[in-house]
>>> print(open('my_file_33.txt').read())   # compact mmCIF, C-alpha atoms
# COMPACT_ATOMS: atom_id res chain seq x y z
CA MET A 1 0.00 0.00 0.00
CA LYS A 2 1.35 3.41 -0.95
CA ILE A 3 1.24 6.14 1.70
CA VAL A 4 0.71 9.68 0.41
CA PHE A 5 1.17 12.60 2.82
CA VAL A 6 -0.21 16.02 1.95
CA ASN A 7 1.19 19.18 3.54
CA ARG A 8 2.08 22.54 2.02
CA PHE A 9 5.63 22.50 3.39
CA PHE A 10 8.26 19.78 3.53
CA TYR A 11 12.05 19.51 3.69
CA PRO A 12 14.09 21.71 3.44
CA ASP A 13 11.51 24.08 4.94
CA HIS A 14 12.14 24.75 8.66
CA SER A 15 8.51 25.13 9.80
CA ALA A 16 7.34 22.79 12.57
CA THR A 17 4.91 20.83 10.36
CA SER A 18 7.65 20.34 7.78
CA GLN A 19 10.18 19.06 10.29
CA LEU A 20 7.74 16.64 11.89
CA LEU A 21 6.65 15.29 8.52
CA THR A 22 10.27 14.90 7.42
CA ASP A 23 11.07 12.87 10.55
CA LEU A 24 8.08 10.58 10.13
CA THR A 25 8.38 9.91 6.41
CA ILE A 26 12.07 9.05 6.62
CA HIS A 27 11.35 6.62 9.47
CA LEU A 28 8.54 4.93 7.52
CA VAL A 29 10.75 4.47 4.45
CA GLN A 30 13.46 2.99 6.66
CA GLN A 31 10.85 0.46 7.82
CA GLY A 32 10.21 -0.59 4.22
CA LEU A 33 7.05 1.40 3.49
CA ASP A 34 6.36 3.17 0.20
CA VAL A 35 5.98 6.89 0.94
CA LYS A 36 5.23 9.93 -1.21
CA VAL A 37 4.80 13.54 -0.08
CA LEU A 38 2.67 16.05 -1.97
CA THR A 39 3.83 19.52 -1.02
CA SER A 40 4.31 22.98 -2.52
CA ARG A 41 7.36 24.40 -4.24
CA LEU A 42 7.61 27.20 -1.67
CA ILE A 43 9.59 27.95 1.49
CA SER A 44 7.36 29.16 4.32
CA ASP A 45 9.22 32.39 5.07
CA ASN A 46 10.45 33.20 1.55
CA SER A 47 7.90 32.91 -1.25
CA GLN A 48 10.51 33.89 -3.86
CA ILE A 49 12.42 30.62 -3.51
CA VAL A 50 10.98 28.00 -5.85
CA GLN A 51 12.06 24.37 -5.47
CA SER A 52 12.25 21.63 -8.07
CA ARG A 53 9.10 19.85 -9.25
CA THR A 54 10.19 16.41 -8.04
CA ASP A 55 12.84 15.11 -5.71
CA THR A 56 13.68 12.31 -3.29
CA LEU A 57 14.89 12.42 0.31
CA HIS A 58 16.32 9.21 1.80
CA GLY A 59 13.88 7.21 -0.30
CA VAL A 60 10.87 9.50 0.24
CA GLU A 61 9.32 10.49 -3.10
CA ILE A 62 8.58 14.23 -3.21
CA VAL A 63 6.16 15.79 -5.69
CA ARG A 64 5.80 19.55 -5.41
CA MET A 65 2.49 21.01 -6.56
CA TRP A 66 2.18 24.24 -8.49
CA SER A 67 0.67 27.20 -6.65
CA THR A 68 0.81 30.95 -6.69
CA ARG A 69 3.51 32.41 -4.48
CA PHE A 70 2.23 35.61 -2.95
CA GLY A 71 3.53 34.60 0.49
CA ARG A 72 2.13 34.97 3.97
CA GLN A 73 2.16 38.74 4.43
CA ARG A 74 -1.30 39.53 3.02
CA LEU A 75 -4.48 37.57 3.61
CA LEU A 76 -5.66 37.73 -0.01
CA GLY A 77 -2.33 36.51 -1.35
CA ARG A 78 -2.16 33.72 1.19
CA THR A 79 -5.70 32.68 0.28
CA LEU A 80 -4.79 32.49 -3.40
CA ASP A 81 -1.73 30.39 -2.53
CA TYR A 82 -4.05 28.04 -0.62
CA LEU A 83 -6.62 27.80 -3.41
CA THR A 84 -4.13 27.06 -6.16
CA PHE A 85 -2.44 24.43 -3.99
CA TYR A 86 -5.87 22.83 -3.38
CA VAL A 87 -6.61 22.64 -7.09
CA SER A 88 -3.21 21.21 -8.05
CA THR A 89 -3.28 18.66 -5.25
CA LEU A 90 -6.85 17.54 -5.92
CA TRP A 91 -6.05 17.01 -9.60
CA HIS A 92 -2.97 14.96 -8.74
CA LEU A 93 -4.80 12.82 -6.17
CA LEU A 94 -7.78 12.14 -8.42
CA SER A 95 -5.47 11.03 -11.21
CA SER A 96 -3.26 8.78 -9.05
CA ALA A 97 -5.15 7.54 -5.98
CA ARG A 98 -6.59 4.02 -5.85
CA LYS A 99 -8.01 1.70 -3.21
CA ASP A 100 -4.52 0.63 -2.22
CA VAL A 101 -3.48 4.21 -1.37
CA LEU A 102 -3.47 5.62 2.15
CA ILE A 103 -3.80 9.42 2.14
CA ILE A 104 -2.64 11.26 5.26
CA THR A 105 -3.52 14.96 5.24
CA LYS A 106 -2.07 17.48 7.65
CA THR A 107 -3.65 20.88 8.32
CA ASP A 108 -1.61 23.25 6.15
CA PRO A 109 -3.37 24.65 4.29
CA PRO A 110 -6.58 24.67 6.36
CA LEU A 111 -9.27 22.16 5.40
CA ILE A 112 -6.93 20.11 3.21
CA SER A 113 -8.81 17.16 4.70
CA VAL A 114 -11.71 18.10 2.41
CA LEU A 115 -9.57 17.10 -0.58
CA GLY A 116 -8.70 13.82 1.09
CA ALA A 117 -12.37 13.11 1.76
CA ILE A 118 -13.35 13.85 -1.84
CA VAL A 119 -10.66 11.53 -3.19
CA SER A 120 -11.55 8.86 -0.62
CA ARG A 121 -15.19 8.90 -1.79
CA ILE A 122 -14.43 8.97 -5.51
CA ARG A 123 -11.34 6.76 -5.73
CA GLY A 124 -11.78 4.55 -2.67
CA ALA A 125 -8.51 5.58 -1.03
CA VAL A 126 -8.18 5.30 2.75
CA LEU A 127 -8.04 8.66 4.57
CA VAL A 128 -6.26 9.59 7.79
CA ASN A 129 -6.18 13.17 9.09
CA TRP A 130 -3.15 14.43 11.04
CA ILE A 131 -4.58 17.43 12.86
CA GLN A 132 -2.09 20.04 14.05
CA ASP A 133 -4.73 22.70 14.74
CA LEU A 134 -8.50 23.03 14.60
CA PHE A 135 -9.67 25.29 11.79
CA PRO A 136 -11.94 27.33 11.52
CA GLU A 137 -11.99 27.73 15.32
CA VAL A 138 -8.42 29.08 15.28
CA ALA A 139 -9.35 31.77 12.74
CA SER A 140 -12.23 32.95 14.92
CA ALA A 141 -10.12 32.86 18.09
CA ILE A 142 -7.46 35.17 16.62
CA ALA A 143 -10.16 37.40 15.10
CA ILE A 144 -9.34 37.08 11.42
CA ASP A 145 -11.70 39.42 9.57
CA GLY A 146 -14.93 37.69 8.62
CA ALA A 147 -14.03 34.38 10.26
CA GLN A 148 -17.03 34.46 12.58
CA TRP A 149 -19.41 34.49 9.61
CA PHE A 150 -17.99 31.30 8.13
CA GLU A 151 -17.08 29.32 11.25
CA ARG A 152 -20.28 27.28 11.57
CA PRO A 153 -20.51 26.05 7.93
CA LEU A 154 -16.77 25.44 7.70
CA ARG A 155 -16.78 23.52 10.96
CA ALA A 156 -19.63 21.36 9.67
CA ILE A 157 -17.66 20.62 6.48
CA ARG A 158 -14.54 19.86 8.51
CA ASN A 159 -16.41 17.50 10.81
CA ARG A 160 -17.86 15.65 7.84
CA THR A 161 -14.36 14.96 6.53
CA LEU A 162 -13.31 13.69 9.96
CA LEU A 163 -16.23 11.26 9.94
CA ILE A 164 -15.17 9.97 6.51
CA ALA A 165 -11.61 9.37 7.72
CA LYS A 166 -10.66 6.01 9.15
CA ARG A 167 -8.53 7.72 11.81
CA ASN A 168 -7.99 11.28 13.05
CA VAL A 169 -4.64 11.76 14.76
CA VAL A 170 -4.53 14.77 17.10
CA ILE A 171 -1.59 16.16 19.04
CA GLY A 172 -3.14 16.66 22.46
CA ASP A 173 -5.78 15.39 24.86
CA GLY A 174 -7.57 18.75 24.88
CA MET A 175 -7.87 18.63 21.10
CA ALA A 176 -9.24 15.09 21.28
CA GLN A 177 -11.87 16.19 23.79
CA LYS A 178 -12.98 19.04 21.54
CA LEU A 179 -13.47 16.67 18.61
CA VAL A 180 -15.50 14.27 20.74
CA ARG A 181 -17.76 17.22 21.64
CA GLU A 182 -18.07 17.89 17.90
CA GLY A 183 -19.52 14.41 17.46
CA ILE A 184 -16.45 12.54 16.21
CA PRO A 185 -16.51 8.97 17.62
CA PRO A 186 -13.69 8.42 20.14
CA GLU A 187 -12.65 5.23 18.36
CA ARG A 188 -11.74 7.32 15.29
CA ILE A 189 -9.50 9.63 17.33
CA CYS A 190 -5.92 8.86 18.29
CA VAL A 191 -3.59 11.10 20.32
CA ILE A 192 0.05 11.16 19.20
CA HIS A 193 2.00 14.06 20.63
CA ASN A 194 4.48 15.97 18.53
CA TRP A 195 8.13 15.34 19.32
CA ALA A 196 11.75 16.34 19.00
CA ASP A 197 14.85 14.34 18.11
CA GLY A 198 16.64 13.83 21.40
CA SER A 199 19.86 12.77 19.71
CA ALA A 200 20.00 15.95 17.59
CA ILE A 201 18.73 18.32 20.30
CA HIS A 202 20.43 17.86 23.64
CA PRO A 203 21.68 20.08 26.46
CA ILE A 204 24.91 21.94 25.70
CA ALA A 205 26.78 23.63 28.52
CA HIS A 206 27.24 27.37 28.11
CA GLU A 207 31.01 27.13 28.05
CA ASN A 208 30.78 24.74 25.08
CA ASN A 209 28.23 26.78 23.13
CA GLU A 210 29.83 28.76 20.33
CA LEU A 211 26.67 30.82 19.72
CA ARG A 212 26.82 32.35 23.18
CA THR A 213 30.28 33.61 22.30
CA GLN A 214 29.30 34.78 18.79
CA TRP A 215 26.25 36.61 20.13
CA LYS A 216 28.23 38.09 23.07
CA LEU A 217 26.06 36.38 25.67
CA HIS A 218 28.74 34.42 27.52
CA ASP A 219 28.25 36.36 30.77
CA LYS A 220 24.47 36.85 30.55
CA PHE A 221 21.39 35.12 31.94
CA VAL A 222 19.34 34.60 28.77
CA VAL A 223 15.55 34.46 28.59
CA GLY A 224 14.81 32.99 25.18
CA TYR A 225 11.95 32.60 22.74
CA SER A 226 12.53 30.47 19.65
CA GLY A 227 10.08 29.99 16.80
CA ASN A 228 7.20 31.72 15.08
CA PHE A 229 6.05 35.16 16.24
CA GLY A 230 2.52 34.34 15.10
CA ARG A 231 -0.85 35.77 16.03
CA ALA A 232 -1.60 32.74 18.20
CA HIS A 233 1.00 33.95 20.69
CA GLU A 234 1.00 36.79 23.20
CA PHE A 235 4.18 38.84 23.61
CA ASP A 236 3.10 41.90 25.60
CA THR A 237 3.64 40.05 28.89
CA ILE A 238 7.24 39.05 28.25
CA LEU A 239 8.11 42.46 26.77
CA GLU A 240 6.65 44.13 29.86
CA ALA A 241 8.72 41.74 32.00
CA ALA A 242 11.79 42.85 30.05
CA ASP A 243 10.86 46.43 30.85
CA LEU A 244 10.51 45.60 34.56
CA LEU A 245 13.97 43.98 34.50
CA ARG A 246 15.75 46.61 32.43
CA GLN A 247 17.98 47.55 35.36
CA GLU A 248 19.25 43.96 35.72
CA LYS A 249 22.22 44.29 33.39
CA ASP A 250 23.08 40.58 33.43
CA ILE A 251 19.63 39.57 32.05
CA VAL A 252 19.01 39.53 28.28
CA PHE A 253 15.84 38.62 26.37
CA LEU A 254 16.63 36.76 23.15
CA PHE A 255 14.04 36.23 20.38
CA ILE A 256 14.97 33.81 17.60
CA GLY A 257 12.69 33.43 14.58
CA GLY A 258 10.20 35.51 12.64
CA GLY A 259 6.54 35.94 11.88
CA ALA A 260 3.52 38.21 11.76
CA GLN A 261 4.22 40.00 15.05
CA LEU A 262 7.93 40.65 14.53
CA SER A 263 7.48 44.23 13.29
CA SER A 264 5.10 45.21 16.09
CA MET A 265 7.42 43.69 18.69
CA LYS A 266 10.35 45.71 17.37
CA ARG A 267 8.21 48.87 17.47
CA THR A 268 7.30 48.18 21.09
CA ILE A 269 10.95 47.68 22.01
CA GLN A 270 11.89 50.91 20.27
CA GLU A 271 9.08 52.83 22.01
CA LYS A 272 10.14 51.47 25.40
CA ALA A 273 13.83 52.03 24.57
CA LEU A 274 14.68 48.52 25.78
CA ASP A 275 18.36 47.70 25.40
CA ASN A 276 18.06 44.24 26.98
CA VAL A 277 16.24 42.63 24.02
CA ILE A 278 17.94 41.20 20.93
CA PHE A 279 16.63 39.41 17.84
CA LYS A 280 18.19 36.66 15.74
CA PRO A 281 16.84 34.94 12.61
CA TYR A 282 15.69 31.33 12.40
CA GLN A 283 18.59 28.96 12.91
CA PRO A 284 19.22 25.89 10.71
CA ARG A 285 17.82 22.67 12.08
CA ASP A 286 21.30 21.19 12.51
CA ARG A 287 22.11 24.05 14.91
CA LEU A 288 19.00 23.77 17.09
CA ALA A 289 20.89 22.10 19.91
CA LEU A 290 23.18 25.13 20.02
CA SER A 291 20.49 27.79 19.59
CA LEU A 292 18.08 26.27 22.12
CA SER A 293 20.91 25.79 24.63
CA VAL A 294 21.94 29.45 24.42
CA SER A 295 19.06 30.39 26.74
CA ASP A 296 18.93 29.68 30.46
CA ILE A 297 15.13 29.63 30.35
CA HIS A 298 12.63 29.56 27.48
CA VAL A 299 9.31 31.33 27.02
CA ILE A 300 6.28 29.58 25.52
CA SER A 301 3.07 31.51 24.95
CA LEU A 302 -0.41 30.74 23.66
CA LEU A 303 -3.55 32.83 23.78
CA PRO A 304 -5.98 31.17 26.24
CA ALA A 305 -8.72 31.23 23.57
CA LEU A 306 -6.59 28.82 21.52
CA GLU A 307 -6.16 26.21 24.24
CA GLY A 308 -7.17 22.84 22.82
CA LEU A 309 -7.02 24.21 19.28
CA ILE A 310 -3.21 24.38 19.10
CA VAL A 311 -0.41 22.71 21.08
CA PRO A 312 2.85 24.73 20.94
CA SER A 313 5.38 22.36 19.39
CA LYS A 314 8.36 24.35 20.71
CA PHE A 315 7.78 22.68 24.09
CA TYR A 316 9.36 19.44 22.86
CA GLY A 317 12.58 20.99 21.58
CA ILE A 318 12.99 23.06 24.73
CA ALA A 319 12.53 19.97 26.89
CA ALA A 320 15.07 18.09 24.75
CA ALA A 321 17.54 20.93 25.26
CA GLY A 322 17.08 20.59 29.02
CA ARG A 323 15.91 24.12 29.78
CA PRO A 324 13.25 25.39 32.23
CA MET A 325 10.10 26.98 30.80
CA LEU A 326 8.02 30.06 31.47
CA TYR A 327 4.60 29.47 29.94
CA ILE A 328 2.31 32.45 29.36
CA GLY A 329 -1.29 31.38 28.83
CA ASP A 330 -4.08 29.31 30.32
CA THR A 331 -2.74 27.95 33.63
CA HIS A 332 -4.84 24.79 33.18
CA GLY A 333 -3.81 24.17 29.57
CA GLU A 334 -2.17 21.10 28.07
CA ILE A 335 1.45 22.28 28.18
CA PRO A 336 1.10 23.92 31.63
CA LEU A 337 -0.09 20.60 33.04
CA LEU A 338 2.95 18.87 31.52
CA ILE A 339 5.26 21.53 32.95
CA GLN A 340 3.64 21.13 36.35
CA SER A 341 3.89 17.33 36.28
CA GLY A 342 7.54 17.51 35.25
CA GLN A 343 8.39 20.30 37.72
CA CYS A 344 10.31 22.04 34.96
CA GLY A 345 8.90 25.57 34.97
CA VAL A 346 5.99 27.82 35.85
CA THR A 347 2.89 29.17 34.13
CA VAL A 348 1.66 32.74 34.41
CA SER A 349 -1.55 34.24 33.09
CA PRO A 350 -1.33 36.72 30.22
CA PHE A 351 -0.43 40.27 31.34
CA ASP A 352 0.93 39.09 34.69
CA ALA A 353 4.31 40.54 33.83
CA ARG A 354 5.31 40.99 37.45
CA LYS A 355 5.01 37.26 38.17
CA ALA A 356 6.95 36.46 35.00
CA ALA A 357 9.70 38.91 35.93
CA ASP A 358 9.86 37.57 39.49
CA PHE A 359 10.32 34.00 38.21
CA VAL A 360 13.16 35.08 35.93
CA LEU A 361 14.78 36.99 38.77
CA THR A 362 14.44 34.01 41.12
CA LEU A 363 16.28 31.73 38.67
CA THR A 364 19.06 34.26 38.13
CA GLN A 365 19.63 34.21 41.89
CA ASP A 366 19.31 30.44 42.24
CA ARG A 367 21.27 28.85 39.41
CA PRO A 368 21.17 25.33 40.96
CA MET A 369 17.35 25.49 40.88
CA CYS A 370 17.49 26.63 37.26
CA ARG A 371 19.76 23.70 36.32
CA LEU A 372 17.57 21.24 38.26
CA MET A 373 14.45 22.37 36.39
CA GLY A 374 16.33 21.93 33.12
CA THR A 375 17.36 18.43 34.10
CA LYS A 376 13.76 17.59 34.95
CA ALA A 377 12.63 18.94 31.58
CA ARG A 378 15.01 16.57 29.79
CA THR A 379 13.87 13.67 31.99
CA LEU A 380 10.24 14.34 31.05
CA PHE A 381 11.26 14.46 27.41
CA ASP A 382 13.16 11.17 27.60
CA GLN A 383 10.22 9.46 29.25
CA ARG A 384 7.45 10.65 26.91
CA PHE A 385 8.39 12.78 23.90
CA GLU A 386 11.46 11.31 22.22
CA LYS A 387 11.05 11.03 18.45
CA ALA A 388 11.43 7.25 18.48
CA TYR A 389 8.29 6.81 20.61
CA ALA A 390 6.13 8.99 18.39
CA VAL A 391 7.21 7.60 15.00
CA GLU A 392 6.82 4.04 16.25
CA HIS A 393 3.32 4.92 17.48
CA TRP A 394 2.59 6.38 14.06
CA GLN A 395 3.88 3.25 12.36
CA ARG A 396 1.58 1.05 14.45
CA GLU A 397 -1.42 3.24 13.61
CA ILE A 398 -0.59 3.20 9.90
CA VAL A 399 -0.18 -0.57 9.81
CA ALA A 400 -3.51 -0.99 11.64
CA THR A 401 -5.21 1.45 9.27
CA MET A 402 -3.86 -0.37 6.22
CA GLN A 403 -5.59 -3.61 7.21
CA PRO A 404 -8.52 -4.54 4.93
CA ARG A 405 -11.74 -2.80 5.81
>>> encode(input="my_file_33.txt", output="structure tokens")
Amino acid sequence: MKIVFVNRFFYPDHSATSQLLTDLTIHLVQQGLDVKVLTSRLISDNSQIVQSRTDTLHGVEIVRMWSTRFGRQRLLGRTLDYLTFYVSTLWHLLSSARKDVLIITKTDPPLISVLGAIVSRIRGAVLVNWIQDLFPEVASAIAIDGAQWFERPLRAIRNRTLLIAKRNVVIGDGMAQKLVREGIPPERICVIHNWADGSAIHPIAHENNELRTQWKLHDKFVVGYSGNFGRAHEFDTILEAADLLRQEKDIVFLFIGGGAQLSSMKRTIQEKALDNVIFKPYQPRDRLALSLSVSDIHVISLLPALEGLIVPSKFYGIAAAGRPMLYIGDTHGEIPLLIQSGQCGVTVSPFDARKAADFVLTLTQDRPMCRLMGTKARTLFDQRFEKAYAVEHWQREIVATMQPR
């Protein structure tokens, strides 16, 4: 049986969905399975780079669909990129899918599961949905213009595709509970958490970290954020904490990555005249162990309205790097409960900048506690979120799904 994954981004793109899909597909090929990825020709943060039409990666067949390339900066352009990718992908699937094909759709672009459901009905292919976020609820929660008018019909369409699928793999218990409330039978839902590669991402002592020297941070206590500065995240709290700690000259706030809120964050820093905040671009995946280990503590944030709709994937890399976490969001959310169970950080509510600043200050004054929390983070990772566990779980689910219906 041929396995066909559909996601708008794949290797060498550095987005989280791309990296996870790359890990899984390579593992499946190594286990002797026949795997193809349908993706776009774009790079997520640079729409001007166009990749080759076909390629292979360690035995994974890659077919890159045509789409427009307006990029992510404007909603209309992004929508056109989505629509053209839908059309190209649907045409390819209808012309190639058969009953012996297993289609696994991710959630970029939104509602790509609709294409999988159409092909499943017409061509008899087996459908599995790999759900990284719940759309259209996410669009309404972050107040995208007009989203509230379309949420109910789009949610009904989405739920219909989930009922057609043989399995719906979600990345958190909260997400699973939301789908059950939407009427999806529990037996069609499977929870497989996202992951990190614990052999590639591991704790690196500060004295052995070349980036701390290059970035002139060798004598600083670094509060880090690494990843997408997207609209799902809240940054006012940590920037206010940086303002409260501006007199602590040994504390630096380091933001690595890019995204929709980058410009507004830089404006805020300029308005506040903060000289304890620095920005760095996304780092290559082979340098994640170094870049994640630069920080003494990492910040994770998620708007409370998005709890159960998204699970911040940066948690897994931070835990692999053995660093404590400051979570800003719903104190009863999925990641906060993991942090609490692992005793590897604290959670503060949005806009409670004083509590966030106090926690940072406490760890600067108690370095053994900081190191102990980091060790506990890595222990939690080793016990539950190592890549090997997740890809093996995926392999079992795929083999079970491929059995005759």
>>> atom_distance(input="my_file_33.txt", atom1="atom CA of A:Asp197", atom2="atom CA of A:Val4")
23.1 Å
>>> residues_around(input="my_file_33.txt", residues="A:Leu102", least_positions_apart="6", cutoff="12 Å", atoms="only C-alpha atoms", output="VMD selection string")
chain A and resid 1 to 6 33 to 37 93 96 116 to 117 119 to 120 123 to 129 165 to 167 397 to 404
>>> residues_around(input="my_file_33.txt", residues="A:Ala289", least_positions_apart="5", cutoff="8 Å", atoms="only C-alpha atoms", output="PyMOL selection string")
chain A and resi 200-204+321
>>> atom_distance(input="my_file_33.txt", atom1="atom CA of A:Arg212", atom2="atom CA of A:Leu254")
11.1 Å
>>> closest_residue(input="my_file_33.txt", among="A:Met369, A:Val252, A:Ala377, A:Ala205", to="A:Leu239", atoms="only C-alpha atoms")
A:Val252
>>> atom_distance(input="my_file_33.txt", atom1="atom CA of A:Asn209", atom2="atom CA of A:Ser293")
7.5 Å
>>> closest_residue(input="my_file_33.txt", among="A:Thr84, A:Thr105, A:Gln247, A:Ser67", to="A:Asp275", atoms="all atoms listed in the file")
A:Gln247
>>> residues_near_point(input="my_file_33.txt", point="(19.5, 38.5, 15.6)", cutoff="8 Å", atoms="only C-alpha atoms", output="VMD selection string")
chain A and resid 255 to 256 278 to 281
>>> closest_residue(input="my_file_33.txt", among="A:Gly198, A:Val223, A:Arg285, A:Gly257", to="A:Thr379", atoms="only C-alpha atoms")
A:Gly198
>>> residues_around(input="my_file_33.txt", residues="A:Trp394", least_positions_apart="2", cutoff="12 Å", atoms="all atoms listed in the file", output="PyMOL selection string")
chain A and resi 20-21+23-25+27-28+31+104+128+130+167-171+190-195+387-392+396-401
>>> write_last_selection(input="my_file_33.txt", atoms="C-alpha atoms", output="PDB file, in the frame of the given file")
ATOM      1  CA  LEU A  20       7.740  16.640  11.890  1.00  0.00           C
ATOM      2  CA  LEU A  21       6.650  15.290   8.520  1.00  0.00           C
ATOM      3  CA  ASP A  23      11.070  12.870  10.550  1.00  0.00           C
ATOM      4  CA  LEU A  24       8.080  10.580  10.130  1.00  0.00           C
ATOM      5  CA  THR A  25       8.380   9.910   6.410  1.00  0.00           C
ATOM      6  CA  HIS A  27      11.350   6.620   9.470  1.00  0.00           C
ATOM      7  CA  LEU A  28       8.540   4.930   7.520  1.00  0.00           C
ATOM      8  CA  GLN A  31      10.850   0.460   7.820  1.00  0.00           C
ATOM      9  CA  ILE A 104      -2.640  11.260   5.260  1.00  0.00           C
ATOM     10  CA  VAL A 128      -6.260   9.590   7.790  1.00  0.00           C
ATOM     11  CA  TRP A 130      -3.150  14.430  11.040  1.00  0.00           C
ATOM     12  CA  ARG A 167      -8.530   7.720  11.810  1.00  0.00           C
ATOM     13  CA  ASN A 168      -7.990  11.280  13.050  1.00  0.00           C
ATOM     14  CA  VAL A 169      -4.640  11.760  14.760  1.00  0.00           C
ATOM     15  CA  VAL A 170      -4.530  14.770  17.100  1.00  0.00           C
ATOM     16  CA  ILE A 171      -1.590  16.160  19.040  1.00  0.00           C
ATOM     17  CA  CYS A 190      -5.920   8.860  18.290  1.00  0.00           C
ATOM     18  CA  VAL A 191      -3.590  11.100  20.320  1.00  0.00           C
ATOM     19  CA  ILE A 192       0.050  11.160  19.200  1.00  0.00           C
ATOM     20  CA  HIS A 193       2.000  14.060  20.630  1.00  0.00           C
ATOM     21  CA  ASN A 194       4.480  15.970  18.530  1.00  0.00           C
ATOM     22  CA  TRP A 195       8.130  15.340  19.320  1.00  0.00           C
ATOM     23  CA  LYS A 387      11.050  11.030  18.450  1.00  0.00           C
ATOM     24  CA  ALA A 388      11.430   7.250  18.480  1.00  0.00           C
ATOM     25  CA  TYR A 389       8.290   6.810  20.610  1.00  0.00           C
ATOM     26  CA  ALA A 390       6.130   8.990  18.390  1.00  0.00           C
ATOM     27  CA  VAL A 391       7.210   7.600  15.000  1.00  0.00           C
ATOM     28  CA  GLU A 392       6.820   4.040  16.250  1.00  0.00           C
ATOM     29  CA  ARG A 396       1.580   1.050  14.450  1.00  0.00           C
ATOM     30  CA  GLU A 397      -1.420   3.240  13.610  1.00  0.00           C
ATOM     31  CA  ILE A 398      -0.590   3.200   9.900  1.00  0.00           C
ATOM     32  CA  VAL A 399      -0.180  -0.570   9.810  1.00  0.00           C
ATOM     33  CA  ALA A 400      -3.510  -0.990  11.640  1.00  0.00           C
ATOM     34  CA  THR A 401      -5.210   1.450   9.270  1.00  0.00           C
TER      35      THR A 401
END
>>> residues_near_point(input="my_file_33.txt", point="(-13.5, 15.6, 19.6)", cutoff="12 Å", atoms="only C-alpha atoms", output="JSON list (two decimals) with C-alpha atoms, keeping the file's coordinate frame")
[["chain", "number", "residue", "atom", "x", "y", "z"],
["A", 131, "ILE", "CA", -4.58, 17.43, 12.86],
["A", 134, "LEU", "CA", -8.50, 23.03, 14.60],
["A", 158, "ARG", "CA", -14.54, 19.86, 8.51],
["A", 159, "ASN", "CA", -16.41, 17.50, 10.81],
["A", 162, "LEU", "CA", -13.31, 13.69, 9.96],
["A", 163, "LEU", "CA", -16.23, 11.26, 9.94],
["A", 168, "ASN", "CA", -7.99, 11.28, 13.05],
["A", 169, "VAL", "CA", -4.64, 11.76, 14.76],
["A", 170, "VAL", "CA", -4.53, 14.77, 17.10],
["A", 171, "ILE", "CA", -1.59, 16.16, 19.04],
["A", 172, "GLY", "CA", -3.14, 16.66, 22.46],
["A", 173, "ASP", "CA", -5.78, 15.39, 24.86],
["A", 174, "GLY", "CA", -7.57, 18.75, 24.88],
["A", 175, "MET", "CA", -7.87, 18.63, 21.10],
["A", 176, "ALA", "CA", -9.24, 15.09, 21.28],
["A", 177, "GLN", "CA", -11.87, 16.19, 23.79],
["A", 178, "LYS", "CA", -12.98, 19.04, 21.54],
["A", 179, "LEU", "CA", -13.47, 16.67, 18.61],
["A", 180, "VAL", "CA", -15.50, 14.27, 20.74],
["A", 181, "ARG", "CA", -17.76, 17.22, 21.64],
["A", 182, "GLU", "CA", -18.07, 17.89, 17.90],
["A", 183, "GLY", "CA", -19.52, 14.41, 17.46],
["A", 184, "ILE", "CA", -16.45, 12.54, 16.21],
["A", 185, "PRO", "CA", -16.51, 8.97, 17.62],
["A", 186, "PRO", "CA", -13.69, 8.42, 20.14],
["A", 187, "GLU", "CA", -12.65, 5.23, 18.36],
["A", 188, "ARG", "CA", -11.74, 7.32, 15.29],
["A", 189, "ILE", "CA", -9.50, 9.63, 17.33],
["A", 190, "CYS", "CA", -5.92, 8.86, 18.29],
["A", 191, "VAL", "CA", -3.59, 11.10, 20.32],
["A", 308, "GLY", "CA", -7.17, 22.84, 22.82],
["A", 309, "LEU", "CA", -7.02, 24.21, 19.28]]
>>> closest_residue(input="my_file_33.txt", among="A:Ile269, A:Leu245, A:Val311, A:Met65", to="A:Ala16", atoms="all atoms listed in the file")
A:Val311
>>> residues_around(input="my_file_33.txt", residues="A:Leu302", least_positions_apart="5", cutoff="12 Å", atoms="only C-alpha atoms", output="short mmCIF file (atom, residue, chain, number, x, y, z; two decimals) with C-alpha atoms, keeping the file's coordinate frame")
data_model
loop_
_atom_site.label_atom_id
_atom_site.label_comp_id
_atom_site.auth_asym_id
_atom_site.auth_seq_id
_atom_site.Cartn_x
_atom_site.Cartn_y
_atom_site.Cartn_z
CA VAL A 138 -8.42 29.08 15.28
CA ALA A 141 -10.12 32.86 18.09
CA ILE A 142 -7.46 35.17 16.62
CA ASN A 228 7.20 31.72 15.08
CA PHE A 229 6.05 35.16 16.24
CA GLY A 230 2.52 34.34 15.10
CA ARG A 231 -0.85 35.77 16.03
CA ALA A 232 -1.60 32.74 18.20
CA HIS A 233 1.00 33.95 20.69
CA GLU A 234 1.00 36.79 23.20
CA PHE A 235 4.18 38.84 23.61
CA ASP A 236 3.10 41.90 25.60
CA THR A 237 3.64 40.05 28.89
CA GLU A 307 -6.16 26.21 24.24
CA GLY A 308 -7.17 22.84 22.82
CA LEU A 309 -7.02 24.21 19.28
CA ILE A 310 -3.21 24.38 19.10
CA VAL A 311 -0.41 22.71 21.08
CA PRO A 312 2.85 24.73 20.94
CA SER A 313 5.38 22.36 19.39
CA LYS A 314 8.36 24.35 20.71
CA PHE A 315 7.78 22.68 24.09
CA LEU A 326 8.02 30.06 31.47
CA TYR A 327 4.60 29.47 29.94
CA ILE A 328 2.31 32.45 29.36
CA GLY A 329 -1.29 31.38 28.83
CA ASP A 330 -4.08 29.31 30.32
CA THR A 331 -2.74 27.95 33.63
CA GLY A 333 -3.81 24.17 29.57
CA GLU A 334 -2.17 21.10 28.07
CA ILE A 335 1.45 22.28 28.18
CA PRO A 336 1.10 23.92 31.63
CA THR A 347 2.89 29.17 34.13
CA VAL A 348 1.66 32.74 34.41
CA SER A 349 -1.55 34.24 33.09
CA PRO A 350 -1.33 36.72 30.22
#
